[in-house]
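Structure file my_file.txt; described as compact mmCIF, C-alpha atoms.
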```
# COMPACT_ATOMS: atom_id res chain seq x y z
CA MET O 1 -131.28 157.41 -128.41
CA ASN O 2 -129.86 155.08 -125.77
CA THR O 3 -129.08 151.38 -126.16
CA ILE O 4 -132.41 150.11 -124.74
CA GLU O 5 -134.48 152.26 -127.09
CA LEU O 6 -132.40 151.45 -130.14
CA THR O 7 -132.37 147.72 -129.28
CA ALA O 8 -136.17 147.74 -128.89
CA LEU O 9 -136.67 149.48 -132.26
CA ILE O 10 -134.26 147.13 -134.03
CA PHE O 11 -136.02 144.15 -132.43
CA LEU O 12 -139.41 145.38 -133.67
CA GLY O 13 -138.11 146.10 -137.18
CA SER O 14 -136.42 142.70 -137.38
CA SER O 15 -139.57 140.94 -136.13
CA LEU O 16 -141.61 142.61 -138.85
CA ALA O 17 -139.00 141.70 -141.47
CA GLY O 18 -138.98 138.08 -140.27
CA PHE O 19 -142.77 137.96 -140.21
CA LEU O 20 -143.16 139.30 -143.76
CA GLY O 21 -140.23 137.22 -144.97
CA ALA O 22 -141.87 134.03 -143.74
CA LEU O 23 -145.28 134.96 -145.16
CA THR O 24 -143.91 135.74 -148.61
CA GLY O 25 -141.27 133.03 -148.65
CA LEU O 26 -138.54 135.55 -149.48
CA GLY O 27 -136.89 135.34 -146.08
CA GLY O 28 -136.46 138.24 -143.67
CA GLY O 29 -132.71 138.64 -144.11
CA VAL O 30 -133.02 140.41 -147.40
CA ILE O 31 -134.68 143.48 -145.86
CA VAL O 32 -132.97 143.57 -142.46
CA THR O 33 -129.64 144.88 -143.77
CA PRO O 34 -131.25 147.73 -145.80
CA LEU O 35 -133.43 148.52 -142.76
CA LEU O 36 -130.41 148.72 -140.46
CA THR O 37 -128.28 150.78 -142.83
CA LEU O 38 -130.95 153.11 -144.27
CA ALA O 39 -133.21 153.64 -141.24
CA PHE O 40 -130.77 153.26 -138.34
CA GLY O 41 -127.57 154.39 -140.01
CA VAL O 42 -125.72 151.23 -138.99
CA ASP O 43 -122.46 150.54 -140.82
CA ILE O 44 -123.23 148.00 -143.56
CA ARG O 45 -120.52 145.64 -142.25
CA TYR O 46 -122.17 145.40 -138.82
CA ALA O 47 -125.57 145.07 -140.54
CA ILE O 48 -124.35 142.20 -142.72
CA GLY O 49 -122.77 140.42 -139.74
CA ALA O 50 -125.95 140.65 -137.67
CA THR O 51 -128.22 139.62 -140.54
CA LEU O 52 -126.09 136.62 -141.41
CA VAL O 53 -126.50 135.07 -137.96
CA SER O 54 -130.26 135.68 -138.07
CA VAL O 55 -130.34 133.84 -141.41
CA ILE O 56 -128.73 130.78 -139.79
CA ALA O 57 -131.34 130.90 -137.01
CA THR O 58 -134.42 131.09 -139.24
CA SER O 59 -133.13 128.55 -141.75
CA SER O 60 -132.28 126.00 -139.07
CA GLY O 61 -135.54 126.62 -137.23
CA ALA O 62 -137.64 126.17 -140.36
CA ALA O 63 -135.59 123.24 -141.65
CA ALA O 64 -136.18 121.43 -138.37
CA ALA O 65 -139.88 121.38 -139.20
CA TYR O 66 -139.59 120.70 -142.94
CA VAL O 67 -137.05 117.92 -142.78
CA ARG O 68 -139.44 115.80 -140.71
CA GLU O 69 -142.21 116.17 -143.29
CA GLY O 70 -140.05 114.30 -145.78
CA TYR O 71 -140.03 116.89 -148.56
CA SER O 72 -136.43 118.02 -148.39
CA ASN O 73 -133.90 115.81 -150.12
CA ILE O 74 -130.80 115.55 -147.93
CA ARG O 75 -128.65 114.08 -150.72
CA ILE O 76 -129.41 116.86 -153.20
CA GLY O 77 -128.90 119.38 -150.40
CA MET O 78 -125.58 117.95 -149.27
CA PHE O 79 -124.15 117.66 -152.77
CA LEU O 80 -125.14 121.23 -153.68
CA GLU O 81 -123.78 122.50 -150.36
CA ILE O 82 -120.30 121.82 -151.76
CA ALA O 83 -121.06 124.57 -154.28
CA THR O 84 -122.81 126.97 -151.89
CA THR O 85 -120.20 126.75 -149.10
CA LEU O 86 -117.29 127.24 -151.52
CA GLY O 87 -119.20 130.16 -153.04
CA ALA O 88 -119.86 131.61 -149.59
CA VAL O 89 -116.14 131.55 -148.71
CA VAL O 90 -115.38 133.32 -152.01
CA GLY O 91 -118.17 135.86 -151.42
CA ALA O 92 -117.17 136.65 -147.83
CA SER O 93 -113.52 136.95 -148.87
CA ALA O 94 -114.54 139.40 -151.61
CA ALA O 95 -116.62 141.38 -149.12
CA LEU O 96 -113.52 141.95 -146.97
CA ARG O 97 -111.85 143.69 -149.92
CA LEU O 98 -114.68 145.55 -151.62
CA PRO O 99 -115.53 149.12 -150.58
CA THR O 100 -118.81 149.36 -148.66
CA SER O 101 -120.34 151.52 -151.41
CA ALA O 102 -119.82 148.70 -153.94
CA ILE O 103 -121.42 146.20 -151.56
CA ALA O 104 -124.41 148.55 -151.18
CA VAL O 105 -124.85 148.79 -154.97
CA ILE O 106 -124.62 145.00 -155.43
CA PHE O 107 -127.08 144.61 -152.56
CA GLY O 108 -129.47 146.98 -154.31
CA ILE O 109 -129.26 145.05 -157.57
CA VAL O 110 -129.95 141.75 -155.77
CA LEU O 111 -132.94 143.38 -154.02
CA LEU O 112 -134.37 144.50 -157.37
CA GLY O 113 -133.90 140.97 -158.71
CA SER O 114 -135.68 139.50 -155.67
CA ALA O 115 -138.54 141.97 -156.08
CA TYR O 116 -138.93 140.92 -159.69
CA MET O 117 -138.89 137.24 -158.78
CA SER O 118 -141.47 137.70 -156.01
CA ARG O 119 -143.82 139.24 -158.58
CA ARG O 120 -143.78 136.00 -160.54
CA GLY O 121 -145.05 134.10 -157.53
CA GLY O 122 -142.46 131.43 -158.11
CA ARG O 123 -144.44 128.41 -159.21
CA TRP O 124 -143.23 126.62 -162.29
CA GLN O 125 -144.17 123.29 -163.72
CA SER O 126 -141.54 120.65 -163.19
CA ALA O 127 -140.86 118.36 -166.14
CA THR O 128 -141.61 114.70 -165.61
CA THR O 129 -140.70 113.45 -169.08
CA GLY O 130 -137.47 113.34 -171.06
CA PRO O 131 -134.34 111.25 -170.85
CA PRO O 132 -133.01 110.43 -167.39
CA ASP O 133 -129.89 112.26 -166.26
CA ARG O 134 -126.91 109.96 -165.70
CA LEU O 135 -125.15 112.25 -163.23
CA ALA O 136 -128.30 112.60 -161.12
CA ALA O 137 -128.70 108.82 -161.08
CA LEU O 138 -125.07 108.33 -160.13
CA LEU O 139 -125.46 110.81 -157.28
CA ARG O 140 -128.66 109.08 -156.17
CA MET O 141 -130.63 112.32 -156.29
CA ASN O 142 -133.85 110.88 -157.71
CA SER O 143 -136.34 110.34 -154.94
CA THR O 144 -139.95 110.66 -153.90
CA PHE O 145 -141.96 113.21 -151.99
CA PRO O 146 -145.18 112.69 -150.02
CA SER O 147 -148.49 113.66 -151.62
CA LEU O 148 -152.16 112.92 -151.06
CA GLU O 149 -151.97 110.09 -153.63
CA GLY O 150 -148.98 108.53 -151.88
CA PRO O 151 -145.26 108.99 -152.64
CA GLN O 152 -144.59 110.75 -155.96
CA SER O 153 -141.29 110.02 -157.64
CA TYR O 154 -139.23 112.64 -159.44
CA GLN O 155 -136.18 112.69 -161.70
CA VAL O 156 -133.45 115.28 -161.28
CA ARG O 157 -131.77 116.87 -164.32
CA GLY O 158 -129.24 119.57 -165.16
CA VAL O 159 -126.86 118.80 -162.30
CA PRO O 160 -123.84 120.79 -163.67
CA GLY O 161 -126.02 123.85 -164.39
CA GLY O 162 -127.69 123.67 -160.99
CA PHE O 163 -124.34 123.22 -159.27
CA SER O 164 -122.91 126.32 -161.03
CA LEU O 165 -125.91 128.45 -160.12
CA MET O 166 -125.62 127.22 -156.52
CA PHE O 167 -122.03 128.41 -156.45
CA LEU O 168 -123.22 131.86 -157.51
CA ALA O 169 -125.97 131.76 -154.86
CA GLY O 170 -123.26 130.97 -152.32
CA VAL O 171 -121.11 133.90 -153.48
CA ILE O 172 -124.04 136.31 -153.09
CA SER O 173 -124.94 134.84 -149.71
CA GLY O 174 -121.36 135.26 -148.48
CA LEU O 175 -120.94 138.70 -150.01
CA LEU O 176 -124.17 140.22 -148.69
CA GLY O 177 -124.90 138.10 -145.62
CA ILE O 178 -128.28 136.95 -146.91
CA GLY O 179 -129.67 133.45 -147.44
CA SER O 180 -130.16 133.91 -151.21
CA GLY O 181 -132.95 131.36 -150.97
CA ALA O 182 -134.71 132.65 -154.10
CA MET O 183 -131.68 131.88 -156.26
CA LYS O 184 -131.30 128.43 -154.68
CA VAL O 185 -134.92 127.68 -155.51
CA ILE O 186 -134.39 128.81 -159.12
CA ALA O 187 -131.37 126.52 -159.44
CA MET O 188 -133.31 123.52 -158.21
CA ASP O 189 -136.77 124.21 -159.56
CA GLN O 190 -135.88 125.71 -162.94
CA VAL O 191 -132.53 124.19 -163.84
CA MET O 192 -132.65 120.84 -162.09
CA ARG O 193 -136.40 120.38 -162.51
CA ILE O 194 -136.92 119.38 -158.91
CA PRO O 195 -140.57 119.69 -157.72
CA PHE O 196 -141.29 123.10 -156.18
CA LYS O 197 -142.05 121.92 -152.66
CA VAL O 198 -138.88 119.80 -152.61
CA SER O 199 -136.89 122.77 -153.97
CA THR O 200 -138.11 125.28 -151.39
CA THR O 201 -137.67 122.99 -148.39
CA THR O 202 -134.25 121.73 -149.54
CA SER O 203 -133.19 125.34 -150.19
CA ASN O 204 -134.17 126.25 -146.64
CA PHE O 205 -132.24 123.27 -145.36
CA MET O 206 -129.13 124.47 -147.25
CA ILE O 207 -129.26 128.14 -146.23
CA GLY O 208 -127.99 127.51 -142.69
CA VAL O 209 -124.90 125.61 -143.83
CA THR O 210 -124.18 128.18 -146.56
CA ALA O 211 -124.45 131.04 -144.08
CA ALA O 212 -122.30 129.23 -141.50
CA ALA O 213 -119.53 129.00 -144.11
CA SER O 214 -119.24 132.79 -144.27
CA ALA O 215 -120.20 133.47 -140.63
CA GLY O 216 -116.82 132.20 -139.45
CA ILE O 217 -115.03 134.69 -141.68
CA TYR O 218 -117.24 137.60 -140.59
CA LEU O 219 -116.91 136.70 -136.92
CA GLN O 220 -113.12 136.67 -137.09
CA ARG O 221 -113.08 139.98 -138.89
CA GLY O 222 -115.14 141.64 -136.15
CA TYR O 223 -118.30 142.16 -138.26
CA VAL O 224 -120.55 140.43 -135.70
CA ASP O 225 -121.41 142.93 -132.95
CA PRO O 226 -123.21 141.12 -130.11
CA GLY O 227 -125.23 144.18 -129.07
CA LEU O 228 -126.63 144.55 -132.57
CA ALA O 229 -126.86 140.86 -133.55
CA MET O 230 -128.89 140.08 -130.40
CA PRO O 231 -132.08 142.04 -131.27
CA VAL O 232 -131.75 141.22 -134.98
CA MET O 233 -131.43 137.46 -134.46
CA LEU O 234 -134.14 137.22 -131.77
CA GLY O 235 -136.43 139.54 -133.74
CA VAL O 236 -136.15 137.78 -137.09
CA LEU O 237 -136.51 134.40 -135.37
CA ALA O 238 -139.64 135.45 -133.46
CA GLY O 239 -141.13 137.14 -136.52
CA SER O 240 -140.60 134.23 -138.87
CA PHE O 241 -141.93 131.79 -136.27
CA LEU O 242 -145.14 133.83 -136.07
CA GLY O 243 -145.23 134.18 -139.84
CA ALA O 244 -145.02 130.43 -140.33
CA ARG O 245 -147.92 130.02 -137.85
CA VAL O 246 -150.33 132.31 -139.68
CA LEU O 247 -149.09 131.30 -143.15
CA PRO O 248 -151.96 128.91 -144.00
CA LYS O 249 -154.56 131.57 -143.21
CA ALA O 250 -152.92 134.50 -144.95
CA THR O 251 -153.84 135.63 -148.44
CA SER O 252 -150.40 136.11 -149.79
CA GLN O 253 -151.14 137.74 -153.16
CA ILE O 254 -151.49 141.30 -151.85
CA LEU O 255 -148.75 140.69 -149.29
CA ARG O 256 -146.37 139.59 -152.02
CA LEU O 257 -147.10 142.76 -153.95
CA VAL O 258 -146.54 144.98 -150.91
CA PHE O 259 -143.41 143.15 -149.85
CA GLY O 260 -142.08 143.03 -153.43
CA THR O 261 -142.61 146.78 -153.81
CA THR O 262 -140.90 147.46 -150.47
CA VAL O 263 -137.93 145.32 -151.52
CA ALA O 264 -137.72 147.18 -154.85
CA VAL O 265 -137.80 150.61 -153.14
CA LEU O 266 -135.09 149.48 -150.70
CA GLY O 267 -133.07 148.23 -153.68
CA VAL O 268 -133.21 151.63 -155.38
CA GLU O 269 -132.30 153.35 -152.08
CA MET O 270 -129.32 151.05 -151.54
CA ILE O 271 -128.02 151.70 -155.07
CA PHE O 272 -128.53 155.45 -154.66
CA HIS O 273 -126.79 155.56 -151.27
CA GLY O 274 -123.97 153.40 -152.59
CA LEU O 275 -123.44 155.52 -155.70
CA THR O 276 -123.50 158.79 -153.76
CA GLY O 277 -120.98 157.37 -151.31
CA ARG O 278 -123.28 157.55 -148.28
CA ILE O 279 -122.82 153.87 -147.43
CA MET L 280 -139.65 100.61 -148.40
CA SER L 281 -139.72 98.42 -145.33
CA GLU L 282 -137.97 99.58 -142.24
CA SER L 283 -136.60 97.23 -139.63
CA PRO L 284 -135.57 98.66 -136.26
CA ASN L 285 -131.92 97.78 -136.80
CA GLN L 286 -131.65 99.36 -140.19
CA TRP L 287 -130.44 102.91 -140.55
CA SER L 288 -132.66 104.85 -142.93
CA ASP L 289 -133.06 108.28 -144.44
CA THR L 290 -136.27 108.79 -142.48
CA ARG L 291 -134.50 108.17 -139.21
CA THR L 292 -131.64 110.47 -140.23
CA GLU L 293 -134.13 113.21 -141.14
CA ALA L 294 -135.93 112.92 -137.80
CA MET L 295 -132.65 113.15 -135.90
CA ILE L 296 -131.42 116.10 -138.00
CA GLY L 297 -134.72 117.84 -137.27
CA SER L 298 -134.26 117.41 -133.51
CA LEU L 299 -130.62 118.47 -133.71
CA LEU L 300 -131.45 121.71 -135.56
CA ARG L 301 -134.30 122.53 -133.19
CA ALA L 302 -132.15 121.95 -130.12
CA GLY L 303 -129.29 124.02 -131.54
CA VAL L 304 -131.48 127.02 -132.35
CA LEU L 305 -133.26 126.84 -128.97
CA LEU L 306 -129.98 126.67 -127.08
CA ALA L 307 -128.47 129.52 -129.10
CA ALA L 308 -131.54 131.75 -128.76
CA SER L 309 -131.73 131.12 -124.98
CA VAL L 310 -128.08 132.02 -124.44
CA VAL L 311 -128.37 135.12 -126.66
CA LEU L 312 -131.50 136.18 -124.76
CA LEU L 313 -129.78 135.72 -121.41
CA GLY L 314 -126.78 137.71 -122.60
CA GLY L 315 -129.10 140.35 -124.02
CA ILE L 316 -130.86 140.84 -120.69
CA VAL L 317 -127.54 141.20 -118.88
CA PHE L 318 -126.29 143.53 -121.62
CA LEU L 319 -129.32 145.86 -121.44
CA ALA L 320 -129.34 145.81 -117.64
CA ARG L 321 -125.72 146.94 -117.54
CA HIS L 322 -125.34 149.10 -120.62
CA GLY L 323 -128.95 149.99 -121.47
CA THR L 324 -128.63 153.71 -120.84
CA SER L 325 -125.33 154.23 -122.64
CA MET L 326 -125.11 155.37 -126.24
CA PRO L 327 -124.43 152.64 -128.80
CA GLU L 328 -122.08 153.21 -131.70
CA TYR L 329 -122.96 151.17 -134.76
CA ARG L 330 -122.58 153.96 -137.29
CA VAL L 331 -118.83 153.79 -137.49
CA PHE L 332 -117.23 150.45 -138.13
CA GLN L 333 -114.41 149.71 -135.72
CA GLY L 334 -114.60 145.94 -135.70
CA GLU L 335 -115.07 143.90 -132.56
CA PRO L 336 -112.25 143.55 -130.03
CA THR L 337 -110.12 140.50 -130.72
CA ASP L 338 -111.52 138.72 -127.66
CA LEU L 339 -114.97 138.69 -129.29
CA ARG L 340 -113.70 137.27 -132.57
CA ALA L 341 -112.22 133.92 -131.65
CA LEU L 342 -113.48 130.88 -129.77
CA SER L 343 -111.13 131.01 -126.76
CA GLY L 344 -111.69 134.72 -126.12
CA ILE L 345 -115.47 134.42 -126.43
CA VAL L 346 -115.62 131.47 -124.01
CA SER L 347 -113.49 133.19 -121.36
CA PHE L 348 -115.54 136.40 -121.72
CA ALA L 349 -118.77 134.46 -121.34
CA LEU L 350 -117.51 132.51 -118.34
CA SER L 351 -116.66 135.75 -116.55
CA PHE L 352 -120.33 136.73 -117.15
CA HIS L 353 -119.39 139.49 -119.55
CA ALA L 354 -122.67 140.39 -121.34
CA ARG L 355 -121.29 140.74 -124.84
CA GLY L 356 -119.31 137.54 -124.36
CA ILE L 357 -122.48 135.61 -123.43
CA ILE L 358 -124.31 136.86 -126.52
CA GLN L 359 -121.33 136.00 -128.70
CA LEU L 360 -121.23 132.50 -127.17
CA GLY L 361 -124.89 132.04 -128.10
CA LEU L 362 -124.09 133.14 -131.65
CA LEU L 363 -121.26 130.59 -131.70
CA PHE L 364 -123.76 127.87 -130.72
CA LEU L 365 -125.90 129.07 -133.60
CA ILE L 366 -123.04 128.91 -136.12
CA ALA L 367 -122.10 125.48 -134.74
CA THR L 368 -125.62 124.11 -135.35
CA PRO L 369 -125.26 123.64 -139.15
CA LEU L 370 -121.74 122.34 -138.52
CA ALA L 371 -123.12 119.73 -136.12
CA ARG L 372 -125.77 118.82 -138.66
CA VAL L 373 -123.12 118.20 -141.35
CA ALA L 374 -120.90 116.25 -138.93
CA PHE L 375 -123.88 114.12 -137.93
CA SER L 376 -124.65 113.48 -141.62
CA VAL L 377 -121.16 112.02 -142.12
CA VAL L 378 -121.96 109.41 -139.46
CA ALA L 379 -125.47 108.81 -140.81
CA PHE L 380 -124.25 108.23 -144.37
CA ALA L 381 -121.52 105.93 -143.04
CA LEU L 382 -124.14 103.89 -141.17
CA GLU L 383 -126.13 103.70 -144.41
CA ARG L 384 -122.92 102.45 -146.07
CA ASP L 385 -123.15 105.25 -148.62
CA ALA L 386 -119.45 105.86 -149.29
CA LEU L 387 -120.09 108.45 -152.02
CA TYR L 388 -122.07 110.70 -149.70
CA VAL L 389 -119.65 110.21 -146.83
CA VAL L 390 -117.06 111.81 -149.13
CA VAL L 391 -119.47 114.54 -150.32
CA THR L 392 -120.34 115.41 -146.72
CA LEU L 393 -116.70 115.40 -145.63
CA VAL L 394 -115.93 117.96 -148.36
CA VAL L 395 -118.68 120.26 -147.03
CA LEU L 396 -117.41 119.74 -143.47
CA ALA L 397 -113.87 120.61 -144.57
CA VAL L 398 -115.02 123.89 -146.17
CA LEU L 399 -116.95 124.79 -143.01
CA ILE L 400 -114.00 124.08 -140.73
CA PHE L 401 -111.68 125.99 -143.07
CA SER L 402 -113.95 129.02 -142.80
CA LEU L 403 -114.64 128.75 -139.07
CA ALA L 404 -110.91 128.56 -138.46
CA GLY L 405 -110.89 132.08 -139.85
CA ALA L 406 -109.24 131.28 -143.14
CA HIS L 407 -110.40 133.17 -146.20
CA LEU L 408 -109.27 133.48 -149.78
```

Any chance you could put this one into structure tokens?
Amino acid sequence: MNTIELTALIFLGSSLAGFLGALTGLGGGVIVTPLLTLAFGVDIRYAIGATLVSVIATSSGAAAAYVREGYSNIRIGMFLEIATTLGAVVGASAALRLPTSAIAVIFGIVLLGSAYMSRRGGRWQSATTGPPDRLAALLRMNSTFPSLEGPQSYQVRGVPGGFSLMFLAGVISGLLGIGSGAMKVIAMDQVMRIPFKVSTTTSNFMIGVTAAASAGIYLQRGYVDPGLAMPVMLGVLAGSFLGARVLPKATSQILRLVFGTTVAVLGVEMIFHGLTGRI
Amino acid sequence: MSESPNQWSDTRTEAMIGSLLRAGVLLAASVVLLGGIVFLARHGTSMPEYRVFQGEPTDLRALSGIVSFALSFHARGIIQLGLLFLIATPLARVAFSVVAFALERDALYVVVTLVVLAVLIFSLAGAHL
């Protein structure tokens, strides 16, 4: 297979991943690396480098739209980015030392976790009662979001717990070159009790900065191959742009199931290939 | 909340951040696409080697090398320059936020944002733990 053919196939695969990732809200990055390593036999370090830059592209592209709608909370995002960027530096530094087989196994475990989470559909009820959180008030995190009945106010809680989980999300993002958006949403929605729509849009807003924190390390270590990153980045970007366009019309229940199952199968494959030393 | 034209507000910051992100991604994607076309036109029929990790040549790892490669219309250098624009987009967003919080006279968040900016610069300078 020559470069044009391989580039075209990788572009198509990445577009599909970006499309499905946008439709299901899981993000395309999580399946691009398994696709590149398992289907195209790409070294996992090149795959991670290419996926990471595509994650920055989709996050920034989507955040550009969300941030104008007034859902994302830039203060919550900025404060938690301290945790995610530090985590990303730790994760990327660890990735430089770990054997590729270990990275593949960890990747597989994270894929299985994502598949499980996608099955739940990810909609929890945010608490509106209870004592106010002093730290959240001090950090001016409490805000409002737009709704049909006018601005709805919300109170943020569990700042230390959310911050810790964000650090872990950053480590995984840096280690595997993914956005780890699902874990960011859990930290905000479940631990900090931030309304779901605010959590998802703020998470998206944060992914780009988190990924940029490890991208520098990967770039300097030669993990970012331009020939490979080009079709991956353009493909995921085009796919997720299309996905966001058809999102309101799509019935996502079946899609979630299909995508979740695919992610789970890829997870098992990654663990198997890692354990048998093929990655 | 009332908004006078002279007053800096979160809404205005959000609108500007939105435009900044959009412009950054568009610029990066255009440069990557241009580099990609040149790359495929020149090397399209050769055999790629992504199976074995060798790491990129040092010129494609650091800012100065990438810029000089791109300026000499080297295909891989152009793509890498586009990817640098992409990585710089979140950085620009954070740097802009420092100014925006300062204009809002929010000293606490100026500090918070500076910490994030410091971590990003630390990492982009190639430092790791």

For range 370-377 of chain L, list every protein, DNA or RNA residue within 8 Å, evaluated using all atoms listed in the file, and leave out those in the same chain fewer than 4 positions away; present the list as JSON, numbers by chain.
{"O": [209, 212], "L": [292, 296, 299, 300, 366, 381, 388, 389, 392, 393, 395, 396, 399]}

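Distances from L:Leu305, L:Ile357, L:Phe348, L:Gly334 to Val317 in chain L were compared using only C-alpha atoms, and the smallest one belongs to L:Ile357.
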
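In this structure, CA of Ala136 in chain O sits 26.1 Å away from CA of Ser60 in chain O.
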
Dump as a PDB file with C-alpha atoms, keeping the file's coordinate frame the residues of chain L that approach chain O to within 6 Å, counting only C-alpha atoms.
```pdb
ATOM      1  CA  GLU L 293    -134.130 113.210-141.140  1.00  0.00           C
ATOM      2  CA  ALA L 294    -135.930 112.920-137.800  1.00  0.00           C
ATOM      3  CA  GLY L 297    -134.720 117.840-137.270  1.00  0.00           C
ATOM      4  CA  LEU L 300    -131.450 121.710-135.560  1.00  0.00           C
ATOM      5  CA  ARG L 301    -134.300 122.530-133.190  1.00  0.00           C
ATOM      6  CA  GLY L 323    -128.950 149.990-121.470  1.00  0.00           C
ATOM      7  CA  THR L 324    -128.630 153.710-120.840  1.00  0.00           C
ATOM      8  CA  SER L 325    -125.330 154.230-122.640  1.00  0.00           C
ATOM      9  CA  MET L 326    -125.110 155.370-126.240  1.00  0.00           C
ATOM     10  CA  PRO L 327    -124.430 152.640-128.800  1.00  0.00           C
ATOM     11  CA  TYR L 329    -122.960 151.170-134.760  1.00  0.00           C
ATOM     12  CA  ARG L 330    -122.580 153.960-137.290  1.00  0.00           C
ATOM     13  CA  VAL L 331    -118.830 153.790-137.490  1.00  0.00           C
ATOM     14  CA  PHE L 332    -117.230 150.450-138.130  1.00  0.00           C
ATOM     15  CA  GLY L 334    -114.600 145.940-135.700  1.00  0.00           C
ATOM     16  CA  GLU L 335    -115.070 143.900-132.560  1.00  0.00           C
ATOM     17  CA  ARG L 340    -113.700 137.270-132.570  1.00  0.00           C
ATOM     18  CA  ARG L 355    -121.290 140.740-124.840  1.00  0.00           C
ATOM     19  CA  ILE L 358    -124.310 136.860-126.520  1.00  0.00           C
ATOM     20  CA  GLN L 359    -121.330 136.000-128.700  1.00  0.00           C
ATOM     21  CA  ILE L 366    -123.040 128.910-136.120  1.00  0.00           C
ATOM     22  CA  PRO L 369    -125.260 123.640-139.150  1.00  0.00           C
ATOM     23  CA  VAL L 395    -118.680 120.260-147.030  1.00  0.00           C
ATOM     24  CA  LEU L 399    -116.950 124.790-143.010  1.00  0.00           C
ATOM     25  CA  SER L 402    -113.950 129.020-142.800  1.00  0.00           C
ATOM     26  CA  LEU L 403    -114.640 128.750-139.070  1.00  0.00           C
ATOM     27  CA  GLY L 405    -110.890 132.080-139.850  1.00  0.00           C
ATOM     28  CA  HIS L 407    -110.400 133.170-146.200  1.00  0.00           C
ATOM     29  CA  LEU L 408    -109.270 133.480-149.780  1.00  0.00           C
TER      30      LEU L 408
END
```

Write out as a list in words which residues come within 9 Å of Asp133 in chain O when counting all atoms listed in the file, dropping same-chain ones fewer than 4 positions away.
Ala137, Leu138, Gln155, Val156, Arg157, Gly158 and Val159 of chain O

Which residues are close to range 98-112 of chain O, i.e. within 9 Å by all atoms listed in the file, leaving aside same-chain residues fewer than 3 positions away? Reply as a ChimeraX atom specification.
/O:30-31,34,43-45,94-95,115-117,172,175-176,260,263-279

Output file for the residues above (C-alpha atoms, as a CSV table (one decimal), keeping the file's coordinate frame):
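Once written, again_20.csv looks like this:
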```
chain,number,residue,atom,x,y,z
O,30,VAL,CA,-133.0,140.4,-147.4
O,31,ILE,CA,-134.7,143.5,-145.9
O,34,PRO,CA,-131.2,147.7,-145.8
O,43,ASP,CA,-122.5,150.5,-140.8
O,44,ILE,CA,-123.2,148.0,-143.6
O,45,ARG,CA,-120.5,145.6,-142.2
O,94,ALA,CA,-114.5,139.4,-151.6
O,95,ALA,CA,-116.6,141.4,-149.1
O,115,ALA,CA,-138.5,142.0,-156.1
O,116,TYR,CA,-138.9,140.9,-159.7
O,117,MET,CA,-138.9,137.2,-158.8
O,172,ILE,CA,-124.0,136.3,-153.1
O,175,LEU,CA,-120.9,138.7,-150.0
O,176,LEU,CA,-124.2,140.2,-148.7
O,260,GLY,CA,-142.1,143.0,-153.4
O,263,VAL,CA,-137.9,145.3,-151.5
O,264,ALA,CA,-137.7,147.2,-154.8
O,265,VAL,CA,-137.8,150.6,-153.1
O,266,LEU,CA,-135.1,149.5,-150.7
O,267,GLY,CA,-133.1,148.2,-153.7
O,268,VAL,CA,-133.2,151.6,-155.4
O,269,GLU,CA,-132.3,153.4,-152.1
O,270,MET,CA,-129.3,151.0,-151.5
O,271,ILE,CA,-128.0,151.7,-155.1
O,272,PHE,CA,-128.5,155.4,-154.7
O,273,HIS,CA,-126.8,155.6,-151.3
O,274,GLY,CA,-124.0,153.4,-152.6
O,275,LEU,CA,-123.4,155.5,-155.7
O,276,THR,CA,-123.5,158.8,-153.8
O,277,GLY,CA,-121.0,157.4,-151.3
O,278,ARG,CA,-123.3,157.6,-148.3
O,279,ILE,CA,-122.8,153.9,-147.4
```

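If you measure from each of O:Val232, O:Ser153, O:Ala17, O:Gly162 to Thr262 in chain O using all atoms listed in the file, the closest one turns out to be O:Ala17.
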
re CA of Leu135 in chain O and CA of Met192 in chain O: distance 11.5 Å

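Put simply, CA of Leu319 in chain L is 26.1 Å away from CA of Thr368 in chain L.
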
Restricting the calculation to all atoms listed in the file: of L:Phe364, L:Phe401, L:Phe380, L:Phe318, which residue gets closest to Gly303 in chain L?
L:Phe364

Neighbour list for Gly235 in chain O as a ChimeraX atom specification, cut-off 7 Å, all atoms listed in the file, skip fewer than 3 positions in-chain:
/O:11-12,14-15,231-232,238-239

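Proximity ranking of L:His353, L:Leu362, L:His322, L:Pro336 relative to Ser309 in chain L places L:Leu362 first, based on all atoms listed in the file.
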
Neighbouring residues of Val191 in chain O were defined as those with any atom within 12 Å, considering all atoms listed in the file; residues of the same chain fewer than 3 positions away were excluded. Please report them as an MDAnalysis selection string.
chainID O and resid 124:127 156:166 183:188 194:196 199
